[in-house]
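Chemist: run06.txt (compact mmCIF, C-alpha atoms) pasted underneath:
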```txt
# COMPACT_ATOMS: atom_id res chain seq x y z
CA MET A 350 -220.61 -33.38 -67.58
CA ASP A 351 -219.79 -35.29 -70.76
CA LYS A 352 -216.80 -37.55 -70.04
CA SER A 353 -216.52 -39.01 -73.51
CA LEU A 354 -213.56 -36.76 -74.38
CA ILE A 355 -211.24 -39.12 -72.68
CA CYS A 356 -207.54 -38.37 -72.97
CA TYR A 357 -206.28 -37.27 -69.55
CA ASP A 358 -203.06 -36.29 -67.89
CA ASP A 359 -202.35 -35.32 -64.28
CA SER A 360 -203.12 -31.63 -64.74
CA SER A 361 -205.93 -31.17 -67.26
CA LYS A 362 -208.32 -32.83 -69.66
CA LYS A 363 -207.27 -32.88 -73.31
CA THR A 364 -209.23 -33.57 -76.43
CA ASP A 365 -208.63 -36.99 -77.91
CA PRO A 366 -206.72 -36.51 -81.19
CA TYR A 367 -208.57 -39.53 -82.64
CA GLY A 368 -211.96 -37.93 -82.15
CA GLU A 369 -214.64 -38.32 -79.54
CA LEU A 370 -215.44 -41.84 -78.33
CA LYS A 371 -218.85 -42.83 -77.01
CA ILE A 372 -219.83 -46.24 -75.65
CA PHE A 373 -223.50 -47.18 -75.48
CA ALA A 374 -225.18 -50.34 -74.21
CA GLY A 375 -228.39 -52.03 -75.27
CA SER A 376 -230.73 -54.05 -73.07
CA SER A 377 -228.42 -57.07 -72.92
CA GLY A 378 -225.17 -55.15 -72.49
CA LYS A 379 -225.72 -52.77 -69.58
CA GLN A 380 -223.56 -54.51 -66.96
CA LEU A 381 -220.65 -55.23 -69.28
CA GLY A 382 -220.93 -51.78 -70.84
CA ARG A 383 -220.61 -50.13 -67.42
CA ALA A 384 -217.68 -52.40 -66.56
CA ILE A 385 -215.89 -51.49 -69.80
CA CYS A 386 -216.47 -47.78 -69.21
CA GLY A 387 -215.25 -48.19 -65.63
CA ARG A 388 -211.98 -49.57 -66.96
CA LEU A 389 -211.68 -46.58 -69.27
CA GLY A 390 -212.57 -43.92 -66.72
CA MET A 391 -215.58 -42.67 -68.65
CA ASP A 392 -219.37 -42.73 -68.33
CA LEU A 393 -221.64 -45.03 -70.27
CA ALA A 394 -223.43 -42.85 -72.83
CA ARG A 395 -227.14 -42.27 -72.28
CA SER A 396 -229.81 -44.13 -74.24
CA GLU A 397 -233.16 -45.80 -73.67
CA THR A 398 -235.03 -48.87 -74.89
CA LEU A 399 -238.80 -49.19 -74.72
CA VAL A 400 -240.87 -52.31 -75.41
CA PHE A 401 -244.50 -51.59 -76.26
CA SER A 402 -247.40 -53.80 -75.22
CA GLU A 403 -247.55 -55.64 -78.56
CA GLY A 404 -243.81 -56.40 -78.43
CA ASN A 405 -242.42 -53.63 -80.64
CA VAL A 406 -238.96 -52.39 -79.62
CA PHE A 407 -238.16 -48.66 -79.66
CA VAL A 408 -234.62 -47.33 -79.12
CA ARG A 409 -233.51 -43.74 -78.65
CA VAL A 410 -230.05 -42.17 -78.40
CA LEU A 411 -230.03 -39.47 -75.72
CA GLU A 412 -226.71 -37.86 -76.62
CA ASN A 413 -225.26 -36.16 -79.67
CA VAL A 414 -223.26 -38.66 -81.74
CA ARG A 415 -222.68 -36.61 -84.88
CA GLY A 416 -219.07 -37.10 -85.92
CA ARG A 417 -218.39 -39.45 -82.97
CA ASP A 418 -216.81 -42.90 -82.89
CA VAL A 419 -219.62 -45.04 -81.46
CA PHE A 420 -219.49 -48.50 -79.89
CA ILE A 421 -222.76 -50.26 -79.00
CA VAL A 422 -222.50 -53.18 -76.54
CA GLN A 423 -225.34 -55.62 -77.15
CA GLY A 424 -225.06 -59.38 -76.71
CA ILE A 425 -227.29 -61.73 -78.66
CA ASP A 426 -228.43 -63.85 -75.74
CA TYR A 427 -231.89 -64.59 -74.32
CA PRO A 428 -234.31 -63.35 -75.56
CA VAL A 429 -232.16 -63.92 -78.64
CA ASN A 430 -234.40 -62.56 -81.39
CA ASP A 431 -235.44 -59.47 -79.41
CA ASN A 432 -231.85 -58.61 -78.60
CA PHE A 433 -230.73 -59.16 -82.17
CA VAL A 434 -233.41 -56.90 -83.63
CA GLU A 435 -232.64 -54.28 -80.97
CA LEU A 436 -228.98 -54.33 -82.07
CA LEU A 437 -230.06 -53.63 -85.65
CA PHE A 438 -232.21 -50.71 -84.49
CA TRP A 439 -229.30 -49.26 -82.50
CA ILE A 440 -226.97 -49.44 -85.49
CA ASP A 441 -229.56 -47.76 -87.70
CA ALA A 442 -230.22 -45.04 -85.11
CA PHE A 443 -226.51 -44.18 -84.81
CA LYS A 444 -225.98 -44.08 -88.56
CA ARG A 445 -229.02 -41.85 -89.06
CA ALA A 446 -227.66 -39.58 -86.30
CA SER A 447 -224.45 -39.18 -88.36
CA ALA A 448 -221.99 -41.12 -86.21
CA THR A 449 -218.63 -41.32 -87.98
CA GLN A 450 -218.17 -45.02 -87.24
CA VAL A 451 -220.43 -47.57 -85.56
CA THR A 452 -218.90 -50.72 -84.07
CA ALA A 453 -221.24 -53.49 -82.94
CA VAL A 454 -219.74 -54.99 -79.77
CA ILE A 455 -221.35 -58.44 -79.53
CA PRO A 456 -219.91 -60.29 -76.50
CA TYR A 457 -221.97 -63.42 -77.23
CA PHE A 458 -223.19 -64.14 -80.77
CA SER A 459 -225.74 -66.89 -80.13
CA TYR A 460 -226.51 -67.60 -83.78
CA ALA A 461 -222.86 -68.46 -84.40
CA LYS A 462 -223.95 -72.08 -83.86
CA GLY A 463 -225.81 -71.90 -87.19
CA ASP A 464 -222.64 -71.72 -89.25
CA LYS A 465 -223.25 -74.36 -91.92
CA LYS A 466 -225.86 -76.23 -93.95
CA ASP A 467 -225.41 -79.66 -92.41
CA GLU A 468 -228.94 -80.89 -93.11
CA PRO A 469 -231.23 -80.59 -96.13
CA ARG A 470 -233.38 -77.45 -96.39
CA VAL A 471 -232.00 -75.54 -93.39
CA SER A 472 -230.83 -71.96 -93.03
CA ILE A 473 -227.25 -70.85 -92.41
CA ARG A 474 -228.44 -68.57 -89.63
CA ALA A 475 -225.11 -66.94 -88.80
CA ARG A 476 -224.77 -65.77 -92.42
CA VAL A 477 -228.28 -64.26 -92.38
CA CYS A 478 -227.42 -62.40 -89.16
CA ALA A 479 -224.17 -61.10 -90.67
CA ASP A 480 -226.05 -59.79 -93.71
CA CYS A 481 -228.57 -58.01 -91.45
CA ILE A 482 -225.86 -56.35 -89.34
CA GLU A 483 -224.15 -55.08 -92.48
CA ALA A 484 -227.44 -53.90 -94.02
CA ALA A 485 -228.26 -51.95 -90.83
CA GLY A 486 -225.04 -49.99 -91.36
CA ALA A 487 -222.43 -51.35 -88.95
CA ASP A 488 -218.87 -50.39 -89.90
CA ARG A 489 -217.21 -53.21 -87.96
CA VAL A 490 -217.91 -55.94 -85.41
CA LEU A 491 -216.11 -56.72 -82.16
CA THR A 492 -217.02 -60.10 -80.70
CA MET A 493 -215.66 -62.93 -78.57
CA ASP A 494 -215.20 -66.69 -79.04
CA LEU A 495 -217.38 -67.34 -82.05
CA HIS A 496 -218.37 -70.99 -82.18
CA SER A 497 -216.62 -71.20 -85.55
CA PRO A 498 -213.93 -68.61 -86.38
CA GLN A 499 -214.75 -68.86 -90.09
CA ILE A 500 -217.96 -66.93 -89.36
CA GLN A 501 -215.76 -63.83 -89.69
CA GLY A 502 -215.83 -64.59 -93.42
CA PHE A 503 -219.62 -64.19 -93.48
CA PHE A 504 -219.06 -60.45 -93.03
CA LYS A 505 -217.76 -58.01 -95.64
CA ILE A 506 -216.89 -55.53 -92.91
CA PRO A 507 -213.94 -55.93 -90.48
CA VAL A 508 -214.45 -58.35 -87.59
CA ASP A 509 -212.22 -58.30 -84.52
CA HIS A 510 -212.51 -61.72 -82.89
CA LEU A 511 -211.36 -61.81 -79.26
CA TYR A 512 -210.76 -64.88 -77.09
CA ALA A 513 -211.47 -65.20 -73.37
CA MET A 514 -208.54 -67.58 -73.11
CA PRO A 515 -206.04 -65.03 -71.66
CA VAL A 516 -208.39 -64.25 -68.76
CA LEU A 517 -209.28 -67.89 -68.09
CA VAL A 518 -205.66 -69.07 -68.32
CA GLU A 519 -204.53 -66.35 -65.94
CA TYR A 520 -207.16 -67.47 -63.43
CA PHE A 521 -206.11 -71.11 -63.48
CA ARG A 522 -202.39 -70.34 -63.58
CA PHE A 523 -202.85 -68.54 -60.26
CA LYS A 524 -204.41 -71.70 -58.73
CA ARG A 525 -201.27 -73.72 -59.56
CA ILE A 526 -203.13 -77.02 -59.95
CA PRO A 527 -200.64 -79.95 -59.95
CA ASP A 528 -200.71 -82.89 -62.40
CA LEU A 529 -203.09 -81.00 -64.67
CA VAL A 530 -204.58 -82.32 -67.90
CA VAL A 531 -206.58 -80.07 -70.25
CA ALA A 532 -209.63 -81.81 -71.72
CA ALA A 533 -211.74 -80.83 -74.73
CA PRO A 534 -215.24 -82.40 -74.88
CA ASP A 535 -214.82 -82.93 -78.64
CA VAL A 536 -212.35 -82.33 -81.45
CA GLY A 537 -214.27 -79.22 -82.55
CA PHE A 538 -212.58 -77.26 -79.77
CA GLY A 539 -209.31 -79.10 -80.29
CA LYS A 540 -207.22 -76.23 -81.64
CA GLN A 541 -208.13 -73.97 -78.74
CA ALA A 542 -207.64 -76.82 -76.27
CA TYR A 543 -204.08 -77.28 -77.53
CA LYS A 544 -203.45 -73.58 -76.93
CA PHE A 545 -204.85 -73.94 -73.41
CA GLY A 546 -202.56 -76.91 -72.83
CA GLU A 547 -199.54 -75.06 -74.17
CA MET A 548 -200.21 -72.04 -71.97
CA MET A 549 -200.88 -74.21 -68.91
CA ASN A 550 -197.93 -76.49 -69.69
CA ALA A 551 -200.28 -79.46 -69.58
CA PRO A 552 -201.11 -82.39 -71.91
CA VAL A 553 -204.44 -82.45 -73.76
CA VAL A 554 -207.08 -85.18 -74.01
CA PHE A 555 -210.25 -85.27 -76.10
CA GLY A 556 -213.77 -86.56 -75.64
CA ASN A 557 -215.59 -88.48 -78.35
CA LYS A 558 -219.03 -86.85 -78.22
CA THR A 559 -222.15 -87.41 -80.28
CA ARG A 560 -225.57 -85.78 -80.52
CA ARG A 561 -228.50 -87.79 -81.81
CA GLY A 562 -230.92 -84.88 -82.24
CA HIS A 563 -231.61 -81.19 -81.56
CA ASP A 564 -232.48 -81.73 -77.89
CA GLU A 565 -229.19 -80.23 -76.58
CA LYS A 566 -228.22 -83.61 -75.10
CA ALA A 567 -224.75 -84.99 -75.71
CA GLU A 568 -223.46 -88.51 -75.19
CA MET A 569 -219.80 -89.05 -74.30
CA LEU A 570 -218.64 -92.23 -76.01
CA ASP A 571 -214.98 -92.30 -75.01
CA ILE A 572 -211.94 -90.22 -74.02
CA VAL A 573 -208.80 -90.16 -76.12
CA GLY A 574 -205.87 -89.80 -73.70
CA GLN A 575 -205.01 -90.62 -70.09
CA VAL A 576 -206.70 -88.90 -67.13
CA GLU A 577 -206.15 -91.52 -64.42
CA GLY A 578 -204.60 -89.94 -61.31
CA LYS A 579 -204.70 -86.48 -62.90
CA ASN A 580 -206.52 -83.24 -62.17
CA VAL A 581 -208.60 -82.28 -65.20
CA LEU A 582 -209.53 -78.88 -66.64
CA ILE A 583 -212.38 -79.18 -69.17
CA VAL A 584 -212.40 -76.28 -71.65
CA ASP A 585 -215.07 -75.24 -74.16
CA ASP A 586 -216.33 -72.10 -75.86
CA PHE A 587 -219.90 -72.18 -74.52
CA THR A 588 -222.42 -74.30 -72.67
CA ILE A 589 -226.21 -74.07 -72.86
CA SER A 590 -227.48 -76.74 -70.48
CA GLY A 591 -224.18 -77.87 -68.97
CA GLY A 592 -224.82 -81.36 -70.37
CA THR A 593 -221.59 -81.73 -72.34
CA LEU A 594 -219.44 -80.51 -69.44
CA CYS A 595 -221.18 -82.83 -66.98
CA GLU A 596 -220.93 -85.84 -69.32
CA MET A 597 -217.23 -85.17 -69.84
CA ALA A 598 -216.69 -84.77 -66.09
CA VAL A 599 -218.45 -88.07 -65.36
CA ALA A 600 -216.41 -89.83 -68.03
CA CYS A 601 -213.16 -88.45 -66.56
CA ARG A 602 -214.13 -89.51 -63.04
CA LYS A 603 -214.94 -93.04 -64.23
CA ARG A 604 -211.47 -93.22 -65.72
CA GLY A 605 -209.74 -92.31 -62.46
CA ALA A 606 -209.46 -88.50 -62.60
CA ARG A 607 -209.06 -86.70 -59.28
CA GLU A 608 -210.32 -83.09 -59.08
CA ILE A 609 -212.24 -81.83 -62.10
CA TYR A 610 -212.47 -78.18 -63.11
CA ALA A 611 -214.16 -76.58 -66.12
CA CYS A 612 -214.20 -73.23 -67.88
CA VAL A 613 -216.22 -71.73 -70.72
CA SER A 614 -216.26 -68.35 -72.41
CA HIS A 615 -220.06 -68.16 -72.57
CA GLY A 616 -222.23 -69.70 -69.87
CA VAL A 617 -225.87 -69.68 -71.04
CA PHE A 618 -227.10 -72.17 -68.41
CA SER A 619 -230.72 -72.84 -69.30
CA LYS A 620 -233.28 -73.77 -66.65
CA GLY A 621 -232.32 -76.96 -64.83
CA SER A 622 -228.60 -76.67 -65.55
CA ALA A 623 -227.69 -75.65 -61.98
CA ALA A 624 -229.02 -78.92 -60.50
CA LYS A 625 -227.21 -80.88 -63.18
CA ILE A 626 -223.89 -79.17 -62.40
CA ILE A 627 -224.33 -79.58 -58.64
CA GLN A 628 -224.77 -83.34 -59.10
CA SER A 629 -221.74 -83.61 -61.39
CA PRO A 630 -218.11 -84.21 -60.30
CA ILE A 631 -217.14 -80.64 -61.32
CA LYS A 632 -215.41 -78.91 -58.41
CA GLU A 633 -215.32 -75.44 -59.97
CA LEU A 634 -216.76 -74.03 -63.19
CA VAL A 635 -215.42 -70.68 -64.38
CA LEU A 636 -217.24 -68.52 -66.92
CA THR A 637 -217.01 -64.92 -68.15
CA ASP A 638 -219.52 -62.07 -67.96
CA THR A 639 -220.41 -62.03 -71.67
CA ILE A 640 -224.01 -63.06 -70.84
CA GLU A 641 -226.22 -61.09 -68.45
CA TYR A 642 -229.53 -62.95 -68.50
CA ARG A 643 -229.91 -65.82 -66.04
CA PHE A 644 -232.72 -68.37 -66.27
CA GLU A 645 -231.95 -69.31 -62.66
CA PRO A 646 -229.19 -68.67 -60.10
CA LEU A 647 -225.83 -70.20 -60.96
CA ALA A 648 -224.67 -73.34 -59.20
CA PRO A 649 -222.52 -72.65 -56.10
CA CYS A 650 -219.42 -74.02 -57.83
CA CYS A 651 -219.67 -71.44 -60.63
CA LYS A 652 -217.39 -68.40 -60.64
CA VAL A 653 -217.68 -65.44 -63.02
CA VAL A 654 -214.54 -63.61 -64.18
CA SER A 655 -214.76 -60.37 -66.12
CA ILE A 656 -213.52 -59.81 -69.66
CA ALA A 657 -214.25 -56.06 -69.46
CA SER A 658 -210.53 -55.21 -69.57
CA LEU A 659 -210.08 -57.23 -72.74
CA PHE A 660 -212.97 -55.49 -74.48
CA ALA A 661 -211.86 -52.09 -73.17
CA ASP A 662 -208.37 -52.62 -74.57
CA ALA A 663 -209.79 -53.72 -77.92
CA ILE A 664 -212.12 -50.72 -78.11
CA ILE A 665 -209.26 -48.30 -77.48
CA SER A 666 -207.11 -50.04 -80.09
CA ILE A 667 -209.89 -49.77 -82.67
CA HIS A 668 -210.57 -46.15 -81.73
CA ARG A 669 -206.88 -45.28 -82.11
CA ARG A 670 -206.57 -47.25 -85.36
CA GLU A 671 -204.04 -49.57 -83.71
CA SER A 672 -203.58 -53.31 -84.11
CA VAL A 673 -205.37 -55.61 -81.68
CA SER A 674 -202.92 -58.46 -82.33
CA ARG A 675 -201.16 -57.90 -78.99
CA LEU A 676 -204.31 -59.19 -77.29
CA PHE A 677 -203.51 -62.62 -78.71
CA ASP A 678 -200.03 -62.79 -77.16
CA TYR A 679 -200.81 -64.83 -74.06
CA ASP A 680 -197.43 -64.81 -72.35
CA SER A 681 -198.51 -62.18 -69.84
CA PRO A 682 -202.15 -61.28 -70.53
CA GLY A 683 -202.87 -59.25 -67.41
CA HIS A 684 -199.79 -57.08 -67.87
CA ARG A 685 -200.56 -56.32 -71.50
CA MET A 686 -204.17 -55.36 -70.94
CA ASP A 687 -203.53 -53.23 -67.87
CA SER A 688 -200.57 -51.37 -69.38
CA SER A 689 -202.59 -50.45 -72.47
CA LEU A 690 -205.49 -49.13 -70.43
CA LYS A 691 -203.18 -47.10 -68.19
CA SER A 692 -201.64 -45.57 -71.29
CA PHE A 693 -205.10 -44.62 -72.56
CA ARG A 694 -206.04 -42.98 -69.29
CA GLY A 695 -202.71 -41.20 -69.02
CA LYS A 696 -201.69 -42.84 -65.75
CA ASP A 697 -198.41 -44.51 -66.64
```
Go ahead and express the file in the form of structure tokens.
Modeler:
Amino acid sequence: MDKSLICYDDSSKKTDPYGELKIFAGSSGKQLGRAICGRLGMDLARSETLVFSEGNVFVRVLENVRGRDVFIVQGIDYPVNDNFVELLFWIDAFKRASATQVTAVIPYFSYAKGDKKDEPRVSIRARVCADCIEAAGADRVLTMDLHSPQIQGFFKIPVDHLYAMPVLVEYFRFKRIPDLVVAAPDVGFGKQAYKFGEMMNAPVVFGNKTRRGHDEKAEMLDIVGQVEGKNVLIVDDFTISGGTLCEMAVACRKRGAREIYACVSHGVFSKGSAAKIIQSPIKELVLTDTIEYRFEPLAPCCKVVSIASLFADAIISIHRRESVSRLFDYDSPGHRMDSSLKSFRGKD
């Protein structure tokens, strides 16, 4: 039975006045797509992806989407290029099948790191990706924690930019860590670090980090601020090898920090990162479920928290033509997300 007509009450099923909503997932979005649909009380729509022997990708929609409001969950994580091209094929398939609106739900936009021309004769990769997504026919984009928020300006279509911060803050608020200091590995994440500090009622310190090449290795030169005798929470938007987090943790420990925690929105964790994290002073590292692929098992100190509720709430807001601005009011994140979803499912 098709459960994509999703407005319910206690006695009967009613047609959604905003039209029929369908959520699909590509190869890199299956787990999160199911989690989002679970929050909404609906089934993940049926589709299939085939990869032929020479590497060609073939996608097929297995349900009628004519006149439907379609959301396709597909992260751009490893294998990055394959997943990106697959996303373009999905968008094209939905548009050719006459979907009313197609929203690309991109939990992790890997190419967001290529946001500027900071060397001679290099590509602004994020801009190229934005142009491709638009050319394929996407009507809007829903994503999380872009490396640089100004990437939204690369698109001519609407971009809803979510932050994992409400979920991460709620997790660490519950732990009630005393004498806490929030630490940003560099000033690039400074604005978000200040928000973390404000929400956690904690001071903020910064690392002075440098990279001497494209080898994903960072060197921590100094820390601006006092961490001696404090518990430290290192915050960042993503980590690939864990190097920056570990360098910052070591620098904090050398300067007299006690327990050291860390959290990131996107945990890529390339091969060899688990051993690096195990050997570091990090007591607990919290990440979200925006990335499915794992090069190796996570380190024992890593904990994954789900942002499915946040995406589910955003999807319903977009579907109903409502503002998503309430998702950025962090005073009581869990209450806001849950109450919205209950309203959607007719349970409040």
Chemist: In terms of the shortest atom-to-atom distance over only C-alpha atoms, which of A:Val553, A:Cys612, A:Val599, A:Ile473 is closest to Phe587 of chain A?
Modeler: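 Comparing A:Val553, A:Cys612, A:Val599, A:Ile473 against Phe587 of chain A, the winner is A:Cys612.
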Chemist: Between A:Lys544, A:Lys524, A:Lys505, A:Arg388, which is the closest to Ala479 of chain A once you count only C-alpha atoms?
Modeler: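 Smallest distance to Ala479 of chain A is found for A:Lys505.
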Chemist: Would you compute the distance between atom CA of Ile656 of chain A and atom CA of His510 of chain A? Give it in Å to one decimal.
Modeler: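 Rounded to one decimal, the two atoms are 13.4 Å apart.
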Chemist: Determine, counting all atoms listed in the file, which protein, DNA and RNA residues have an atom within 12 Å of an atom of segment 392-406 of chain A; residues of the same chain fewer than 5 positions away are not included. Present the result as a VMD selection string.
Modeler: chain A and resid 350 to 355 369 to 387 411 to 414 417 419 to 422 430 to 439 442 to 443
Chemist: Could you write out the selected residues, including C-alpha atoms, as a PDB file, in the frame of the given file?
Modeler:
```pdb
ATOM      1  CA  MET A 350    -220.610 -33.380 -67.580  1.00  0.00           C
ATOM      2  CA  ASP A 351    -219.790 -35.290 -70.760  1.00  0.00           C
ATOM      3  CA  LYS A 352    -216.800 -37.550 -70.040  1.00  0.00           C
ATOM      4  CA  SER A 353    -216.520 -39.010 -73.510  1.00  0.00           C
ATOM      5  CA  LEU A 354    -213.560 -36.760 -74.380  1.00  0.00           C
ATOM      6  CA  ILE A 355    -211.240 -39.120 -72.680  1.00  0.00           C
ATOM      7  CA  GLU A 369    -214.640 -38.320 -79.540  1.00  0.00           C
ATOM      8  CA  LEU A 370    -215.440 -41.840 -78.330  1.00  0.00           C
ATOM      9  CA  LYS A 371    -218.850 -42.830 -77.010  1.00  0.00           C
ATOM     10  CA  ILE A 372    -219.830 -46.240 -75.650  1.00  0.00           C
ATOM     11  CA  PHE A 373    -223.500 -47.180 -75.480  1.00  0.00           C
ATOM     12  CA  ALA A 374    -225.180 -50.340 -74.210  1.00  0.00           C
ATOM     13  CA  GLY A 375    -228.390 -52.030 -75.270  1.00  0.00           C
ATOM     14  CA  SER A 376    -230.730 -54.050 -73.070  1.00  0.00           C
ATOM     15  CA  SER A 377    -228.420 -57.070 -72.920  1.00  0.00           C
ATOM     16  CA  GLY A 378    -225.170 -55.150 -72.490  1.00  0.00           C
ATOM     17  CA  LYS A 379    -225.720 -52.770 -69.580  1.00  0.00           C
ATOM     18  CA  GLN A 380    -223.560 -54.510 -66.960  1.00  0.00           C
ATOM     19  CA  LEU A 381    -220.650 -55.230 -69.280  1.00  0.00           C
ATOM     20  CA  GLY A 382    -220.930 -51.780 -70.840  1.00  0.00           C
ATOM     21  CA  ARG A 383    -220.610 -50.130 -67.420  1.00  0.00           C
ATOM     22  CA  ALA A 384    -217.680 -52.400 -66.560  1.00  0.00           C
ATOM     23  CA  ILE A 385    -215.890 -51.490 -69.800  1.00  0.00           C
ATOM     24  CA  CYS A 386    -216.470 -47.780 -69.210  1.00  0.00           C
ATOM     25  CA  GLY A 387    -215.250 -48.190 -65.630  1.00  0.00           C
ATOM     26  CA  LEU A 411    -230.030 -39.470 -75.720  1.00  0.00           C
ATOM     27  CA  GLU A 412    -226.710 -37.860 -76.620  1.00  0.00           C
ATOM     28  CA  ASN A 413    -225.260 -36.160 -79.670  1.00  0.00           C
ATOM     29  CA  VAL A 414    -223.260 -38.660 -81.740  1.00  0.00           C
ATOM     30  CA  ARG A 417    -218.390 -39.450 -82.970  1.00  0.00           C
ATOM     31  CA  VAL A 419    -219.620 -45.040 -81.460  1.00  0.00           C
ATOM     32  CA  PHE A 420    -219.490 -48.500 -79.890  1.00  0.00           C
ATOM     33  CA  ILE A 421    -222.760 -50.260 -79.000  1.00  0.00           C
ATOM     34  CA  VAL A 422    -222.500 -53.180 -76.540  1.00  0.00           C
ATOM     35  CA  ASN A 430    -234.400 -62.560 -81.390  1.00  0.00           C
ATOM     36  CA  ASP A 431    -235.440 -59.470 -79.410  1.00  0.00           C
ATOM     37  CA  ASN A 432    -231.850 -58.610 -78.600  1.00  0.00           C
ATOM     38  CA  PHE A 433    -230.730 -59.160 -82.170  1.00  0.00           C
ATOM     39  CA  VAL A 434    -233.410 -56.900 -83.630  1.00  0.00           C
ATOM     40  CA  GLU A 435    -232.640 -54.280 -80.970  1.00  0.00           C
ATOM     41  CA  LEU A 436    -228.980 -54.330 -82.070  1.00  0.00           C
ATOM     42  CA  LEU A 437    -230.060 -53.630 -85.650  1.00  0.00           C
ATOM     43  CA  PHE A 438    -232.210 -50.710 -84.490  1.00  0.00           C
ATOM     44  CA  TRP A 439    -229.300 -49.260 -82.500  1.00  0.00           C
ATOM     45  CA  ALA A 442    -230.220 -45.040 -85.110  1.00  0.00           C
ATOM     46  CA  PHE A 443    -226.510 -44.180 -84.810  1.00  0.00           C
TER      47      PHE A 443
END
```
Chemist: When you look at segment 632-648 of chain A with a cut-off of 8 Å (counting all atoms listed in the file), what residues show up, excluding the ones that are within fewer than 2 positions of it in the same chain? I need them as JSON, numbers by chain.
Modeler: {"A": [377, 378, 380, 381, 424, 426, 427, 456, 457, 513, 517, 608, 609, 610, 611, 612, 613, 614, 615, 616, 617, 618, 619, 620, 621, 623, 624, 626, 627, 630, 650, 651, 652, 653, 654, 655, 656]}
Chemist: Within 10 Å of (-222.2, -84.2, -64.2) in the file's own coordinates, which protein, DNA or RNA residues have an atom, counting all atoms listed in the file? List them as a list of chain:residue names.
Modeler: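 Here the neighbourhood of the point contains A:Gly591, A:Gly592, A:Thr593, A:Leu594, A:Cys595, A:Glu596, A:Met597, A:Ala598, A:Val599, A:Ala600, A:Arg602, A:Ser622, A:Ala624, A:Lys625, A:Ile626, A:Ile627, A:Gln628, A:Ser629, A:Pro630, A:Ile631.
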Chemist: Write to file, as a short mmCIF file (atom, residue, chain, number, x, y, z; two decimals), keeping the file's coordinate frame, the residues of the selection just made, with C-alpha atoms.
Modeler:
```cif
data_model
loop_
_atom_site.label_atom_id
_atom_site.label_comp_id
_atom_site.auth_asym_id
_atom_site.auth_seq_id
_atom_site.Cartn_x
_atom_site.Cartn_y
_atom_site.Cartn_z
CA GLY A 591 -224.18 -77.87 -68.97
CA GLY A 592 -224.82 -81.36 -70.37
CA THR A 593 -221.59 -81.73 -72.34
CA LEU A 594 -219.44 -80.51 -69.44
CA CYS A 595 -221.18 -82.83 -66.98
CA GLU A 596 -220.93 -85.84 -69.32
CA MET A 597 -217.23 -85.17 -69.84
CA ALA A 598 -216.69 -84.77 -66.09
CA VAL A 599 -218.45 -88.07 -65.36
CA ALA A 600 -216.41 -89.83 -68.03
CA ARG A 602 -214.13 -89.51 -63.04
CA SER A 622 -228.60 -76.67 -65.55
CA ALA A 624 -229.02 -78.92 -60.50
CA LYS A 625 -227.21 -80.88 -63.18
CA ILE A 626 -223.89 -79.17 -62.40
CA ILE A 627 -224.33 -79.58 -58.64
CA GLN A 628 -224.77 -83.34 -59.10
CA SER A 629 -221.74 -83.61 -61.39
CA PRO A 630 -218.11 -84.21 -60.30
CA ILE A 631 -217.14 -80.64 -61.32
#
```
Chemist: Tell me, in Å to one decimal, how far atom CA of His668 of chain A is from atom CA of Ala453 of chain A.
Modeler: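 Atom-to-atom, atom CA of His668 of chain A to atom CA of Ala453 of chain A, that is 13.0 Å.
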Chemist: Give me the residues near Arg607 of chain A as a PDB file with C-alpha atoms, keeping the file's coordinate frame, where near means some atom within 9 Å (using all atoms listed in the file) and where sequence neighbours in that chain fewer than 4 positions away do not count.
Modeler:
```
ATOM      1  CA  VAL A 576    -206.700 -88.900 -67.130  1.00  0.00           C
ATOM      2  CA  GLU A 577    -206.150 -91.520 -64.420  1.00  0.00           C
ATOM      3  CA  GLY A 578    -204.600 -89.940 -61.310  1.00  0.00           C
ATOM      4  CA  LYS A 579    -204.700 -86.480 -62.900  1.00  0.00           C
ATOM      5  CA  ASN A 580    -206.520 -83.240 -62.170  1.00  0.00           C
ATOM      6  CA  VAL A 581    -208.600 -82.280 -65.200  1.00  0.00           C
ATOM      7  CA  CYS A 601    -213.160 -88.450 -66.560  1.00  0.00           C
ATOM      8  CA  ARG A 602    -214.130 -89.510 -63.040  1.00  0.00           C
TER       9      ARG A 602
END
```
Chemist: Residues at most 8 Å from segment 486-492 of chain A, counting all atoms listed in the file, excluding those fewer than 6 positions away in the same chain, as a ChimeraX atom specification?
Modeler: /A:440-441,444,450-458,506-511
Chemist: How many Å separate atom CA of Arg415 of chain A from atom CA of Asp365 of chain A?
Modeler: 15.7 Å
Chemist: Measuring atom to atom with only C-alpha atoms, identify which of A:Val536, A:Val408, A:Ala448, A:Cys481 is nearest to Gly368 of chain A.
Modeler: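 Selected residue with least distance to Gly368 of chain A: A:Ala448.
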